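Asker: Below you'll find coords-v4.cif; it's mmCIF, C-alpha atoms.
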data_input
#
loop_
_atom_site.group_PDB
_atom_site.id
_atom_site.type_symbol
_atom_site.label_atom_id
_atom_site.label_comp_id
_atom_site.auth_asym_id
_atom_site.auth_seq_id
_atom_site.Cartn_x
_atom_site.Cartn_y
_atom_site.Cartn_z
ATOM 1 C CA MET L 1 -13.278 42.425 -5.561
ATOM 2 C CA ARG L 2 -10.794 39.602 -5.424
ATOM 3 C CA PHE L 3 -7.991 39.271 -2.886
ATOM 4 C CA PHE L 4 -4.665 37.903 -4.134
ATOM 5 C CA GLY L 5 -2.432 38.948 -1.214
ATOM 6 C CA VAL L 6 -3.481 39.932 2.314
ATOM 7 C CA ARG L 7 -0.284 39.763 4.410
ATOM 8 C CA GLY L 8 1.798 42.651 5.646
ATOM 9 C CA SER L 9 5.538 43.156 6.140
ATOM 10 C CA CYS L 10 6.818 40.060 4.318
ATOM 11 C CA PRO L 11 5.442 37.001 2.513
ATOM 12 C CA CYS L 12 5.242 33.793 4.496
ATOM 13 C CA SER L 13 4.622 30.150 3.718
ATOM 14 C CA SER L 14 3.839 27.283 6.060
ATOM 15 C CA PRO L 15 1.061 24.757 6.700
ATOM 16 C CA THR L 16 -0.288 27.197 9.299
ATOM 17 C CA HIS L 17 -0.614 30.063 6.782
ATOM 18 C CA LEU L 18 -2.808 28.260 4.258
ATOM 19 C CA ARG L 19 -6.336 29.495 4.974
ATOM 20 C CA TYR L 20 -5.527 33.203 4.852
ATOM 21 C CA GLY L 21 -2.535 32.917 2.565
ATOM 22 C CA GLY L 22 1.009 34.222 2.700
ATOM 23 C CA ASN L 23 1.243 36.683 -0.212
ATOM 24 C CA THR L 24 1.529 40.397 0.501
ATOM 25 C CA SER L 25 -0.907 43.134 -0.430
ATOM 26 C CA CYS L 26 -2.651 42.880 -3.790
ATOM 27 C CA VAL L 27 -6.374 43.279 -4.527
ATOM 28 C CA LEU L 28 -8.274 43.414 -7.818
ATOM 29 C CA VAL L 29 -11.347 45.637 -8.218
ATOM 30 C CA GLU L 30 -13.466 44.624 -11.206
ATOM 31 C CA PRO L 31 -16.217 47.059 -12.260
ATOM 32 C CA GLU L 32 -19.080 45.814 -14.374
ATOM 33 C CA HIS L 33 -17.894 47.906 -17.323
ATOM 34 C CA GLY L 34 -14.348 48.820 -18.268
ATOM 35 C CA PRO L 35 -10.949 47.635 -17.048
ATOM 36 C CA GLY L 36 -10.195 46.617 -13.497
ATOM 37 C CA LEU L 37 -7.963 48.321 -10.967
ATOM 38 C CA ILE L 38 -5.137 46.649 -9.064
ATOM 39 C CA LEU L 39 -4.588 47.843 -5.512
ATOM 40 C CA ASP L 40 -0.921 47.442 -4.545
ATOM 41 C CA LEU L 41 1.861 45.378 -6.064
ATOM 42 C CA GLY L 42 2.841 42.913 -3.360
ATOM 43 C CA THR L 43 3.655 39.272 -4.020
ATOM 44 C CA GLY L 44 -0.030 38.605 -4.680
ATOM 45 C CA LEU L 45 0.564 40.363 -7.991
ATOM 46 C CA ARG L 46 2.302 37.270 -9.371
ATOM 47 C CA PRO L 47 -0.737 34.937 -9.170
ATOM 48 C CA LEU L 48 -2.977 37.817 -10.277
ATOM 49 C CA GLY L 49 -0.829 38.190 -13.384
ATOM 50 C CA ASP L 50 -1.280 34.518 -14.189
ATOM 51 C CA VAL L 51 -5.075 34.909 -13.882
ATOM 52 C CA LEU L 52 -5.117 37.944 -16.164
ATOM 53 C CA GLU L 53 -2.917 36.259 -18.749
ATOM 54 C CA ALA L 54 -5.097 33.156 -18.787
ATOM 55 C CA ALA L 55 -8.182 35.347 -19.299
ATOM 56 C CA GLY L 56 -6.530 37.289 -22.135
ATOM 57 C CA ASP L 57 -7.163 40.498 -20.198
ATOM 58 C CA SER L 58 -3.683 41.843 -19.589
ATOM 59 C CA SER L 59 -2.642 44.167 -22.406
ATOM 60 C CA ALA L 60 -3.466 47.385 -20.492
ATOM 61 C CA ILE L 61 -3.230 47.449 -16.699
ATOM 62 C CA THR L 62 -3.910 50.222 -14.172
ATOM 63 C CA ALA L 63 -2.657 49.969 -10.593
ATOM 64 C CA LEU L 64 -2.884 52.104 -7.465
ATOM 65 C CA LEU L 65 0.181 51.951 -5.210
ATOM 66 C CA SER L 66 -0.281 52.942 -1.586
ATOM 67 C CA HIS L 67 3.422 53.333 -0.751
ATOM 68 C CA LEU L 68 6.872 51.979 -1.537
ATOM 69 C CA HIS L 69 7.572 49.559 1.295
ATOM 70 C CA TRP L 70 8.872 46.239 -0.004
ATOM 71 C CA ASP L 71 5.746 44.268 0.791
ATOM 72 C CA HIS L 72 3.746 46.538 -1.553
ATOM 73 C CA VAL L 73 6.088 46.612 -4.567
ATOM 74 C CA ILE L 74 7.987 43.310 -4.552
ATOM 75 C CA GLY L 75 5.571 41.568 -6.914
ATOM 76 C CA MET L 76 6.065 44.010 -9.787
ATOM 77 C CA PRO L 77 8.979 42.316 -11.632
ATOM 78 C CA PHE L 78 7.187 38.952 -11.361
ATOM 79 C CA PHE L 79 3.945 40.220 -12.931
ATOM 80 C CA ALA L 80 3.461 38.175 -16.112
ATOM 81 C CA PRO L 81 1.817 40.925 -18.214
ATOM 82 C CA VAL L 82 4.820 43.262 -17.968
ATOM 83 C CA LEU L 83 7.105 40.426 -19.020
ATOM 84 C CA ARG L 84 5.328 40.348 -22.390
ATOM 85 C CA PRO L 85 6.174 42.793 -25.226
ATOM 86 C CA GLY L 86 3.387 45.204 -26.093
ATOM 87 C CA SER L 87 1.728 45.343 -22.692
ATOM 88 C CA THR L 88 1.286 48.626 -20.834
ATOM 89 C CA MET L 89 0.858 49.352 -17.143
ATOM 90 C CA ASP L 90 0.012 52.676 -15.488
ATOM 91 C CA VAL L 91 0.903 52.939 -11.809
ATOM 92 C CA TYR L 92 -0.485 55.780 -9.677
ATOM 93 C CA GLY L 93 1.410 56.274 -6.436
ATOM 94 C CA PRO L 94 2.729 58.766 -3.881
ATOM 95 C CA PRO L 95 5.352 61.440 -4.616
ATOM 96 C CA GLN L 96 8.737 60.970 -2.988
ATOM 97 C CA GLN L 97 11.151 63.380 -1.328
ATOM 98 C CA ARG L 98 14.363 61.943 -2.787
ATOM 99 C CA GLY L 99 13.432 61.669 -6.452
ATOM 100 C CA SER L 100 10.517 60.783 -8.665
ATOM 101 C CA LEU L 101 8.336 57.748 -8.057
ATOM 102 C CA HIS L 102 9.938 56.075 -11.076
ATOM 103 C CA GLN L 103 13.465 56.822 -9.852
ATOM 104 C CA LEU L 104 12.728 55.380 -6.420
ATOM 105 C CA ILE L 105 11.230 52.199 -7.896
ATOM 106 C CA ASP L 106 14.351 51.857 -10.042
ATOM 107 C CA GLN L 107 16.464 51.926 -6.891
ATOM 108 C CA VAL L 108 14.612 48.846 -5.638
ATOM 109 C CA VAL L 109 14.362 46.915 -8.910
ATOM 110 C CA GLN L 110 17.982 46.978 -10.052
ATOM 111 C CA PRO L 111 21.206 44.988 -9.673
ATOM 112 C CA PRO L 112 22.476 43.767 -7.278
ATOM 113 C CA PHE L 113 19.037 43.478 -5.629
ATOM 114 C CA PHE L 114 17.331 42.220 -8.806
ATOM 115 C CA PRO L 115 18.833 41.097 -12.142
ATOM 116 C CA VAL L 116 17.273 43.879 -14.287
ATOM 117 C CA GLN L 117 15.712 47.321 -13.968
ATOM 118 C CA VAL L 118 12.081 48.231 -14.628
ATOM 119 C CA GLN L 119 12.801 49.661 -18.081
ATOM 120 C CA GLN L 120 14.322 46.331 -19.109
ATOM 121 C CA LEU L 121 11.057 44.478 -18.578
ATOM 122 C CA HIS L 122 9.407 43.731 -21.917
ATOM 123 C CA GLY L 123 6.222 45.669 -21.208
ATOM 124 C CA SER L 124 5.925 49.411 -20.644
ATOM 125 C CA ILE L 125 5.303 50.822 -17.142
ATOM 126 C CA ASP L 126 4.415 54.489 -16.642
ATOM 127 C CA PHE L 127 4.400 56.018 -13.159
ATOM 128 C CA HIS L 128 2.107 58.884 -12.144
ATOM 129 C CA GLU L 129 2.472 60.763 -8.857
ATOM 130 C CA VAL L 130 -0.778 61.578 -7.078
ATOM 131 C CA VAL L 131 -1.723 62.890 -3.659
ATOM 132 C CA ASP L 132 -5.038 64.246 -2.376
ATOM 133 C CA ASP L 133 -6.478 63.889 -5.865
ATOM 134 C CA LYS L 134 -9.631 62.677 -7.596
ATOM 135 C CA LEU L 135 -9.078 60.502 -10.664
ATOM 136 C CA LEU L 136 -11.292 59.035 -13.348
ATOM 137 C CA LEU L 137 -9.778 55.690 -14.353
ATOM 138 C CA GLY L 138 -11.988 53.842 -16.818
ATOM 139 C CA SER L 139 -15.415 53.581 -15.196
ATOM 140 C CA CYS L 140 -13.963 54.076 -11.691
ATOM 141 C CA VAL L 141 -13.790 57.315 -9.752
ATOM 142 C CA VAL L 142 -10.829 57.180 -7.365
ATOM 143 C CA VAL L 143 -10.388 59.543 -4.410
ATOM 144 C CA VAL L 144 -6.805 59.673 -3.121
ATOM 145 C CA ARG L 145 -5.876 60.855 0.368
ATOM 146 C CA GLN L 146 -2.738 60.675 2.499
ATOM 147 C CA VAL L 147 -2.879 58.233 5.399
ATOM 148 C CA PRO L 148 -0.670 58.307 8.527
ATOM 149 C CA HIS L 149 2.096 55.710 8.155
ATOM 150 C CA LEU L 150 5.882 55.632 7.927
ATOM 151 C CA GLY L 151 6.717 57.512 4.735
ATOM 152 C CA THR L 152 4.281 59.102 2.286
ATOM 153 C CA THR L 153 1.348 56.693 2.135
ATOM 154 C CA LEU L 154 -1.939 56.839 0.267
ATOM 155 C CA GLY L 155 -5.369 55.395 0.838
ATOM 156 C CA PHE L 156 -7.930 55.037 -1.940
ATOM 157 C CA ARG L 157 -11.682 55.248 -2.307
ATOM 158 C CA VAL L 158 -12.920 53.512 -5.454
ATOM 159 C CA GLU L 159 -16.453 54.258 -6.672
ATOM 160 C CA ALA L 160 -17.998 52.267 -9.542
ATOM 161 C CA ASP L 161 -21.388 50.781 -10.476
ATOM 162 C CA GLY L 162 -23.025 52.368 -7.441
ATOM 163 C CA ALA L 163 -20.612 50.667 -5.028
ATOM 164 C CA VAL L 164 -17.780 52.070 -2.921
ATOM 165 C CA VAL L 165 -14.691 50.370 -1.523
ATOM 166 C CA ALA L 166 -12.156 52.097 0.731
ATOM 167 C CA TYR L 167 -8.626 50.685 0.751
ATOM 168 C CA VAL L 168 -6.433 51.651 3.731
ATOM 169 C CA PRO L 169 -3.844 48.857 3.958
ATOM 170 C CA ASP L 170 -1.244 50.573 6.167
ATOM 171 C CA HIS L 171 -2.439 53.030 8.812
ATOM 172 C CA GLN L 172 -0.608 54.296 11.876
ATOM 173 C CA ALA L 173 -3.234 54.266 14.613
ATOM 174 C CA PRO L 174 -3.068 57.098 17.163
ATOM 175 C CA GLY L 175 -1.951 56.329 20.682
ATOM 176 C CA ASP L 176 -5.449 56.731 22.067
ATOM 177 C CA LEU L 177 -6.881 54.333 19.449
ATOM 178 C CA ALA L 178 -9.815 56.718 19.152
ATOM 179 C CA ARG L 179 -9.088 59.722 16.935
ATOM 180 C CA VAL L 180 -9.466 59.211 13.162
ATOM 181 C CA GLU L 181 -7.851 61.533 10.628
ATOM 182 C CA PRO L 182 -10.390 63.477 8.527
ATOM 183 C CA GLY L 183 -8.854 62.166 5.305
ATOM 184 C CA VAL L 184 -9.319 58.573 6.425
ATOM 185 C CA LEU L 185 -12.936 59.240 7.387
ATOM 186 C CA GLU L 186 -13.476 60.801 3.974
ATOM 187 C CA LEU L 187 -12.165 57.698 2.240
ATOM 188 C CA CYS L 188 -14.318 55.357 4.315
ATOM 189 C CA ASP L 189 -17.471 57.481 4.519
ATOM 190 C CA GLY L 190 -20.485 55.241 3.917
ATOM 191 C CA ALA L 191 -18.391 52.698 1.998
ATOM 192 C CA ASP L 192 -19.862 49.329 1.097
ATOM 193 C CA LEU L 193 -16.551 47.802 2.181
ATOM 194 C CA VAL L 194 -13.537 49.111 4.080
ATOM 195 C CA VAL L 195 -10.328 47.129 3.601
ATOM 196 C CA HIS L 196 -8.218 48.222 6.565
ATOM 197 C CA ASP L 197 -4.892 47.526 8.239
ATOM 198 C CA ALA L 198 -5.470 45.137 11.158
ATOM 199 C CA GLN L 199 -1.941 43.960 11.804
ATOM 200 C CA TYR L 200 -1.848 44.064 15.605
ATOM 201 C CA SER L 201 -3.662 42.924 18.684
ATOM 202 C CA ASP L 202 -3.974 45.487 21.486
ATOM 203 C CA GLU L 203 -1.005 43.868 23.260
ATOM 204 C CA GLU L 204 1.174 43.999 20.144
ATOM 205 C CA PHE L 205 0.291 47.636 19.536
ATOM 206 C CA ALA L 206 1.327 48.496 23.088
ATOM 207 C CA ALA L 207 4.783 47.071 22.304
ATOM 208 C CA LYS L 208 4.956 48.653 18.820
ATOM 209 C CA PRO L 209 2.954 51.880 19.043
ATOM 210 C CA ASP L 210 4.977 53.693 16.362
ATOM 211 C CA TRP L 211 5.571 50.893 13.857
ATOM 212 C CA GLY L 212 2.987 52.292 11.457
ATOM 213 C CA HIS L 213 0.015 49.964 11.892
ATOM 214 C CA SER L 214 -3.403 49.531 13.466
ATOM 215 C CA THR L 215 -5.048 47.134 15.832
ATOM 216 C CA VAL L 216 -7.992 44.975 14.883
ATOM 217 C CA GLY L 217 -10.135 47.030 17.232
ATOM 218 C CA TYR L 218 -9.066 50.318 15.669
ATOM 219 C CA ALA L 219 -10.018 48.996 12.229
ATOM 220 C CA VAL L 220 -13.519 48.308 13.587
ATOM 221 C CA HIS L 221 -13.578 51.795 15.105
ATOM 222 C CA VAL L 222 -12.629 53.488 11.817
ATOM 223 C CA ALA L 223 -15.250 51.608 9.808
ATOM 224 C CA ALA L 224 -17.981 52.244 12.386
ATOM 225 C CA GLU L 225 -17.139 55.945 12.746
ATOM 226 C CA ALA L 226 -17.287 56.321 8.956
ATOM 227 C CA GLY L 227 -20.679 54.639 8.699
ATOM 228 C CA ALA L 228 -19.360 51.848 6.474
ATOM 229 C CA ARG L 229 -21.394 48.716 5.819
ATOM 230 C CA GLU L 230 -18.696 46.008 5.957
ATOM 231 C CA LEU L 231 -15.075 45.675 7.088
ATOM 232 C CA ALA L 232 -12.363 43.377 5.760
ATOM 233 C CA LEU L 233 -9.460 43.021 8.200
ATOM 234 C CA PHE L 234 -6.288 43.160 6.095
ATOM 235 C CA HIS L 235 -2.475 43.252 6.210
ATOM 236 C CA HIS L 236 -2.223 40.317 8.625
ATOM 237 C CA ASP L 237 1.064 40.092 10.493
ATOM 238 C CA PRO L 238 3.312 37.295 9.162
ATOM 239 C CA SER L 239 3.697 35.983 12.714
ATOM 240 C CA HIS L 240 -0.066 35.442 12.941
ATOM 241 C CA LEU L 241 -0.938 31.881 12.004
ATOM 242 C CA ASP L 242 -4.361 30.947 10.656
ATOM 243 C CA ASP L 243 -5.715 30.203 14.129
ATOM 244 C CA ASP L 244 -4.356 33.529 15.398
ATOM 245 C CA VAL L 245 -6.154 35.424 12.653
ATOM 246 C CA ASP L 246 -9.322 33.472 13.422
ATOM 247 C CA ARG L 247 -9.148 34.643 17.043
ATOM 248 C CA LEU L 248 -8.499 38.251 16.031
ATOM 249 C CA VAL L 249 -11.434 38.243 13.605
ATOM 250 C CA GLU L 250 -13.749 36.760 16.229
ATOM 251 C CA GLY L 251 -12.545 39.321 18.751
ATOM 252 C CA ALA L 252 -13.252 42.113 16.275
ATOM 253 C CA ARG L 253 -16.788 40.843 15.768
ATOM 254 C CA ARG L 254 -17.390 40.983 19.520
ATOM 255 C CA ARG L 255 -16.379 44.638 19.777
ATOM 256 C CA PRO L 256 -19.385 46.814 20.675
ATOM 257 C CA GLU L 257 -18.815 49.044 17.635
ATOM 258 C CA ALA L 258 -18.982 46.021 15.332
ATOM 259 C CA ALA L 259 -22.747 46.012 15.907
ATOM 260 C CA ARG L 260 -22.855 49.136 13.726
ATOM 261 C CA LEU L 261 -21.465 47.150 10.791
ATOM 262 C CA ARG L 262 -23.287 44.568 8.727
ATOM 263 C CA ARG L 263 -20.275 42.254 8.644
ATOM 264 C CA VAL L 264 -16.652 41.968 9.790
ATOM 265 C CA LEU L 265 -14.508 39.440 7.956
ATOM 266 C CA GLY L 266 -10.887 38.461 7.651
ATOM 267 C CA ALA L 267 -9.445 39.052 4.181
ATOM 268 C CA ALA L 268 -8.003 35.864 2.691
ATOM 269 C CA GLU L 269 -6.377 34.934 -0.585
ATOM 270 C CA GLY L 270 -8.990 33.792 -3.068
ATOM 271 C CA LEU L 271 -11.832 35.634 -1.356
ATOM 272 C CA ALA L 272 -14.183 37.269 -3.902
ATOM 273 C CA LEU L 273 -16.822 39.805 -2.858
ATOM 274 C CA GLN L 274 -19.676 41.267 -4.875
ATOM 275 C CA LEU L 275 -20.310 44.844 -3.788
ATOM 276 C CA GLY L 276 -23.318 47.094 -4.329
ATOM 277 C CA GLY L 277 -26.968 46.203 -4.399
ATOM 278 C CA ARG L 278 -27.971 48.609 -1.641
#
Output the file's structure as structure tokens, nothing else.
Answerer:
Amino acid sequence: MRFFGVRGSCPCSSPTHLRYGGNTSCVLVEPEHGPGLILDLGTGLRPLGDVLEAAGDSSAITALLSHLHWDHVIGMPFFAPVLRPGSTMDVYGPPQQRGSLHQLIDQVVQPPFFPVQVQQLHGSIDFHEVVDDKLLLGSCVVVVRQVPHLGTTLGFRVEADGAVVAYVPDHQAPGDLARVEPGVLELCDGADLVVHDAQYSDEEFAAKPDWGHSTVGYAVHVAAEAGARELALFHHDPSHLDDDVDRLVEGARRRPEAARLRRVLGAAEGLALQLGGR
């Protein structure tokens, strides 16, 4: 796995956002055999596109989209492969109440908000609506479940080469910070790595209990309850500077439940993890 964007809500750039990075959600899963999977289309998709183009590995792309909030789709029209004729991209994402997934994306990527629409990009993008499904994408088995958040939101469990990663980037924690939805536990069950929303401290959650996100401590709780091996704290708040994230990660490691995990780390741009090898 390689992380290209780990922020939530909006991209940010300053000397105090360098170590963790300021791009929004985008992760690449690379199985040993077959094409990779992109998780979310935030601004991290732009540098990922440059990497794929340089490697000559960008003619056919598959992406999993958790939901349609700006920070998870804004990178799409800046993704170099879809700016090149002949490329194809399949995007699997949640169904919408007010139109198809494609129609809703077109409402975001269109004038006057953006100069062109999706169909005017040189490559071809096909959208597929999924919810509570199990997909075979190349050599990866993907389990899809709904996750509590604002609007229809998906989490993903990707299984390949004997390794499992659970991706839950946006997750509305319950008020008691204890109960875990069965679907979320299913995604994270025994995973080698859980990538989980960790946007808030306990104090921030108390002020924003219905803003759609989790605390660092709740992320630890979810991973421990699911019997996961490792946890990557993800979707860092843009107001959290590098030192703030450092403190939150250290606090997470000191939580009693963290002793049930092999490792707790803070996701950062450029971080690459080799999974498997039980």
Asker: Once you count all atoms listed in the file, what closest atom pair and distance in Å to one decimal does each residue of range 40-64 of chain L within 12 Å of range 20-27 of chain L have, with rows by chain and rising residue number, as JSON lines?
Answerer:
{"residue": "L:Asp40", "atom": "CA", "partner": "L:Cys26", "partner_atom": "CA", "distance": 4.9}
{"residue": "L:Leu41", "atom": "CA", "partner": "L:Cys26", "partner_atom": "CA", "distance": 5.6}
{"residue": "L:Gly42", "atom": "CA", "partner": "L:Ser25", "partner_atom": "CA", "distance": 4.8}
{"residue": "L:Thr43", "atom": "CA", "partner": "L:Thr24", "partner_atom": "CA", "distance": 5.1}
{"residue": "L:Gly44", "atom": "CA", "partner": "L:Asn23", "partner_atom": "CA", "distance": 5.0}
{"residue": "L:Leu45", "atom": "CA", "partner": "L:Cys26", "partner_atom": "CA", "distance": 5.9}
{"residue": "L:Arg46", "atom": "CA", "partner": "L:Asn23", "partner_atom": "CA", "distance": 9.2}
{"residue": "L:Pro47", "atom": "CA", "partner": "L:Asn23", "partner_atom": "CA", "distance": 9.3}
{"residue": "L:Leu48", "atom": "CA", "partner": "L:Cys26", "partner_atom": "CA", "distance": 8.2}
{"residue": "L:Gly49", "atom": "CA", "partner": "L:Cys26", "partner_atom": "CA", "distance": 10.8}
{"residue": "L:Ala63", "atom": "CA", "partner": "L:Val27", "partner_atom": "CA", "distance": 9.8}
{"residue": "L:Leu64", "atom": "CA", "partner": "L:Cys26", "partner_atom": "CA", "distance": 9.9}
Asker: Range 2-89 of chain L near range 211-226 of chain L within 12 Å: what's each residue's closest atom pair and its distance in Å to one decimal, counting all atoms listed in the file, ordered by chain then ascending residue number, as JSON lines?
Answerer:
{"residue": "L:Gly8", "atom": "CA", "partner": "L:His213", "partner_atom": "CA", "distance": 9.8}
{"residue": "L:Ser9", "atom": "CA", "partner": "L:His213", "partner_atom": "CA", "distance": 10.5}
{"residue": "L:His69", "atom": "CA", "partner": "L:Gly212", "partner_atom": "CA", "distance": 11.5}
Asker: Write a file of the just-selected residues containing C-alpha atoms, as a PDB file, in the frame of the given file.
Answerer:
ATOM      1  CA  GLY L   8       1.798  42.651   5.646  1.00  0.00           C
ATOM      2  CA  SER L   9       5.538  43.156   6.140  1.00  0.00           C
ATOM      3  CA  HIS L  69       7.572  49.559   1.295  1.00  0.00           C
TER       4      HIS L  69
END
Asker: Report as a tab-separated table: every residue of range 62-108 of chain L with an atom at most 8 Å from range 147-154 of chain L, its closest pair of atoms, and their distance in Å to one decimal, counting all atoms listed in the file, with rows sorted by chain and ascending residue number.
Answerer:
residue	atom	partner	partner_atom	distance
L:Leu65	CA	L:Leu154	CA	7.6
L:Ser66	CA	L:Leu154	CA	4.6
L:His67	CA	L:Thr153	CA	4.9
L:Gly93	CA	L:Leu154	CA	7.5
L:Pro94	CA	L:Thr152	CA	6.4
L:Pro95	CA	L:Thr152	CA	7.4
L:Gln96	CA	L:Thr152	CA	7.2
Asker: For Ala272 in chain L, work out the shell of residues within 10 Å, counting all atoms listed in the file and skipping chain neighbours fewer than 5 positions away, then give it as number ranges by chain.
Answerer: L: 1-4, 27-29, 267
Asker: Could you take the residues named above and write them with C-alpha atoms, as a PDB file, in the coordinates of the input?
Answerer:
ATOM      1  CA  MET L   1     -13.278  42.425  -5.561  1.00  0.00           C
ATOM      2  CA  ARG L   2     -10.794  39.602  -5.424  1.00  0.00           C
ATOM      3  CA  PHE L   3      -7.991  39.271  -2.886  1.00  0.00           C
ATOM      4  CA  PHE L   4      -4.665  37.903  -4.134  1.00  0.00           C
ATOM      5  CA  VAL L  27      -6.374  43.279  -4.527  1.00  0.00           C
ATOM      6  CA  LEU L  28      -8.274  43.414  -7.818  1.00  0.00           C
ATOM      7  CA  VAL L  29     -11.347  45.637  -8.218  1.00  0.00           C
ATOM      8  CA  ALA L 267      -9.445  39.052   4.181  1.00  0.00           C
TER       9      ALA L 267
END
Asker: So the first atom is CA of Arg262 in chain L and the second is CA of Val195 in chain L; what is the distance between them in Å, to one decimal place?
Answerer: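 Pair CA of Arg262 in chain L / CA of Val195 in chain L returns 14.2 Å.
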Asker: Could you tell me which of L:Thr62, L:Thr16, L:Gln199, L:Ser124 comes closest to Ala173 in chain L if we count only C-alpha atoms?
Answerer: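 Among the listed residues, L:Gln199 lies closest to Ala173 in chain L.
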Asker: Return the single residue from L:Glu203, L:Asp244, L:Asp170, L:Asp57 that is closest to Asp71 in chain L, with distances computed using only C-alpha atoms.
Answerer: L:Asp170
Asker: I'd like the neighbourhood of Val109 in chain L as a PyMOL selection string, where a residue qualifies if any of its atoms comes within 12 Å (using only C-alpha atoms), though same-chain residues fewer than 5 positions away should be ignored.
Answerer: chain L and resi 68+70+73-78+102-104+114-121
Asker: Output the residue selection produced by the PyMOL selection byres ((chain L and resi 84) around 12) on the file above, formatted as a list of chain:residue names.
Answerer: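 On the file shown, the PyMOL selection byres ((chain L and resi 84) around 12) covers L:Gly49, L:Glu53, L:Ser58, L:Ser59, L:Ala60, L:Pro77, L:Phe78, L:Phe79, L:Ala80, L:Pro81, L:Val82, L:Leu83, L:Pro85, L:Gly86, L:Ser87, L:Thr88, L:Met89, L:Gln120, L:Leu121, L:His122, L:Gly123, L:Ser124, L:Ile125.
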Asker: What is the CA of Leu193 in chain L to CA of Pro174 in chain L distance in Å?
Answerer: 22.2 Å
Asker: Compare L:Val249, L:Leu137, L:Ile38, L:Ala228 by their minimum atom-to-atom distance to Ala160 in chain L, counting all atoms listed in the file, and give me the closest one.
Answerer: L:Leu137
Asker: Using only C-alpha atoms, which of the listed residues (L:Glu257, L:Glu30, L:Asp202, L:Glu250) sits closest to Leu273 in chain L?
Answerer: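 That would be L:Glu30, the residue with the smallest distance to Leu273 in chain L.
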Asker: How far is it from CA of Val6 in chain L to CA of His236 in chain L, in Å with one decimal?
Answerer: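 Result for CA of Val6 in chain L versus CA of His236 in chain L: 6.4 Å, one decimal.
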Asker: Pick out the closest residue to Gln172 in chain L from this set: L:Ser14, L:Gln97, L:Gln146, L:Gln110. Count all atoms listed in the file.
Answerer: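 Closest to Gln172 in chain L of all the choices is L:Gln146.
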Asker: Around the point (-14.4, 58.7, -11.3) (coordinates from the file), which residues reach within 12 Å if we count all atoms listed in the file? Answer as a list in words.
Answerer: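 The residues that fall inside the cut-off are Pro31, Asp133, Lys134, Leu135, Leu136, Leu137, Gly138, Ser139, Cys140, Val141, Val142, Val143, Val144, Phe156, Arg157, Val158, Glu159, Ala160, Asp161, Gly162, Ala163 and Val164 of chain L.
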Asker: Give, as AutoDock Vina command-line options, the centre coordinates and the x, y and z edge lengths in Å to one decimal for an axis-aligned box around all listed atoms of range 181-191 of chain L, padded by 3 Å on each side.
Answerer:
--center_x -14.2 --center_y 58.1 --center_z 6.3 --size_x 18.6 --size_y 16.8 --size_z 14.6
Asker: Given all atoms listed in the file as the basis, pick out the residue of L:Ala259, L:Leu275, L:Leu177, L:Ala268 nearest to Gly5 in chain L.
Answerer: L:Ala268
Asker: Given the file above and the PyMOL selection byres ((chain L and resi 196) around 8), which residues are selected, and can you give them as a list in words?
Answerer: Tyr167, Val168, Pro169, Asp170, His171, Val194, Val195, Asp197, Ala198, Ala219, Leu231, Ala232, Leu233, Phe234 and His235 of chain L
Asker: Complete range 190-200 of chain L with N, CA and C atoms (output as an mmCIF file, in the frame of the given file).
Answerer:
data_model
loop_
_atom_site.group_PDB
_atom_site.id
_atom_site.type_symbol
_atom_site.label_atom_id
_atom_site.label_comp_id
_atom_site.auth_asym_id
_atom_site.auth_seq_id
_atom_site.Cartn_x
_atom_site.Cartn_y
_atom_site.Cartn_z
ATOM 1 N N GLY L 190 -19.369 55.963 4.507
ATOM 2 C CA GLY L 190 -20.485 55.241 3.917
ATOM 3 C C GLY L 190 -20.099 54.149 2.938
ATOM 4 N N ALA L 191 -18.861 53.679 2.980
ATOM 5 C CA ALA L 191 -18.391 52.698 1.998
ATOM 6 C C ALA L 191 -19.113 51.361 2.164
ATOM 7 N N ASP L 192 -19.324 50.690 1.045
ATOM 8 C CA ASP L 192 -19.862 49.329 1.097
ATOM 9 C C ASP L 192 -18.883 48.398 1.795
ATOM 10 N N LEU L 193 -17.588 48.632 1.569
ATOM 11 C CA LEU L 193 -16.551 47.802 2.181
ATOM 12 C C LEU L 193 -15.342 48.656 2.491
ATOM 13 N N VAL L 194 -14.820 48.515 3.699
ATOM 14 C CA VAL L 194 -13.537 49.111 4.080
ATOM 15 C C VAL L 194 -12.527 47.979 4.225
ATOM 16 N N VAL L 195 -11.449 48.059 3.468
ATOM 17 C CA VAL L 195 -10.328 47.129 3.601
ATOM 18 C C VAL L 195 -9.260 47.863 4.405
ATOM 19 N N HIS L 196 -9.000 47.405 5.624
ATOM 20 C CA HIS L 196 -8.218 48.222 6.565
ATOM 21 C C HIS L 196 -7.130 47.404 7.257
ATOM 22 N N ASP L 197 -6.012 48.052 7.455
ATOM 23 C CA ASP L 197 -4.892 47.526 8.239
ATOM 24 C C ASP L 197 -5.403 47.012 9.590
ATOM 25 N N ALA L 198 -5.098 45.744 9.870
ATOM 26 C CA ALA L 198 -5.470 45.137 11.158
ATOM 27 C C ALA L 198 -4.337 44.242 11.626
ATOM 28 N N GLN L 199 -3.123 44.783 11.592
ATOM 29 C CA GLN L 199 -1.941 43.960 11.804
ATOM 30 C C GLN L 199 -1.774 43.511 13.259
ATOM 31 N N TYR L 200 -2.218 44.329 14.217
ATOM 32 C CA TYR L 200 -1.848 44.064 15.605
ATOM 33 C C TYR L 200 -3.045 43.781 16.508
#
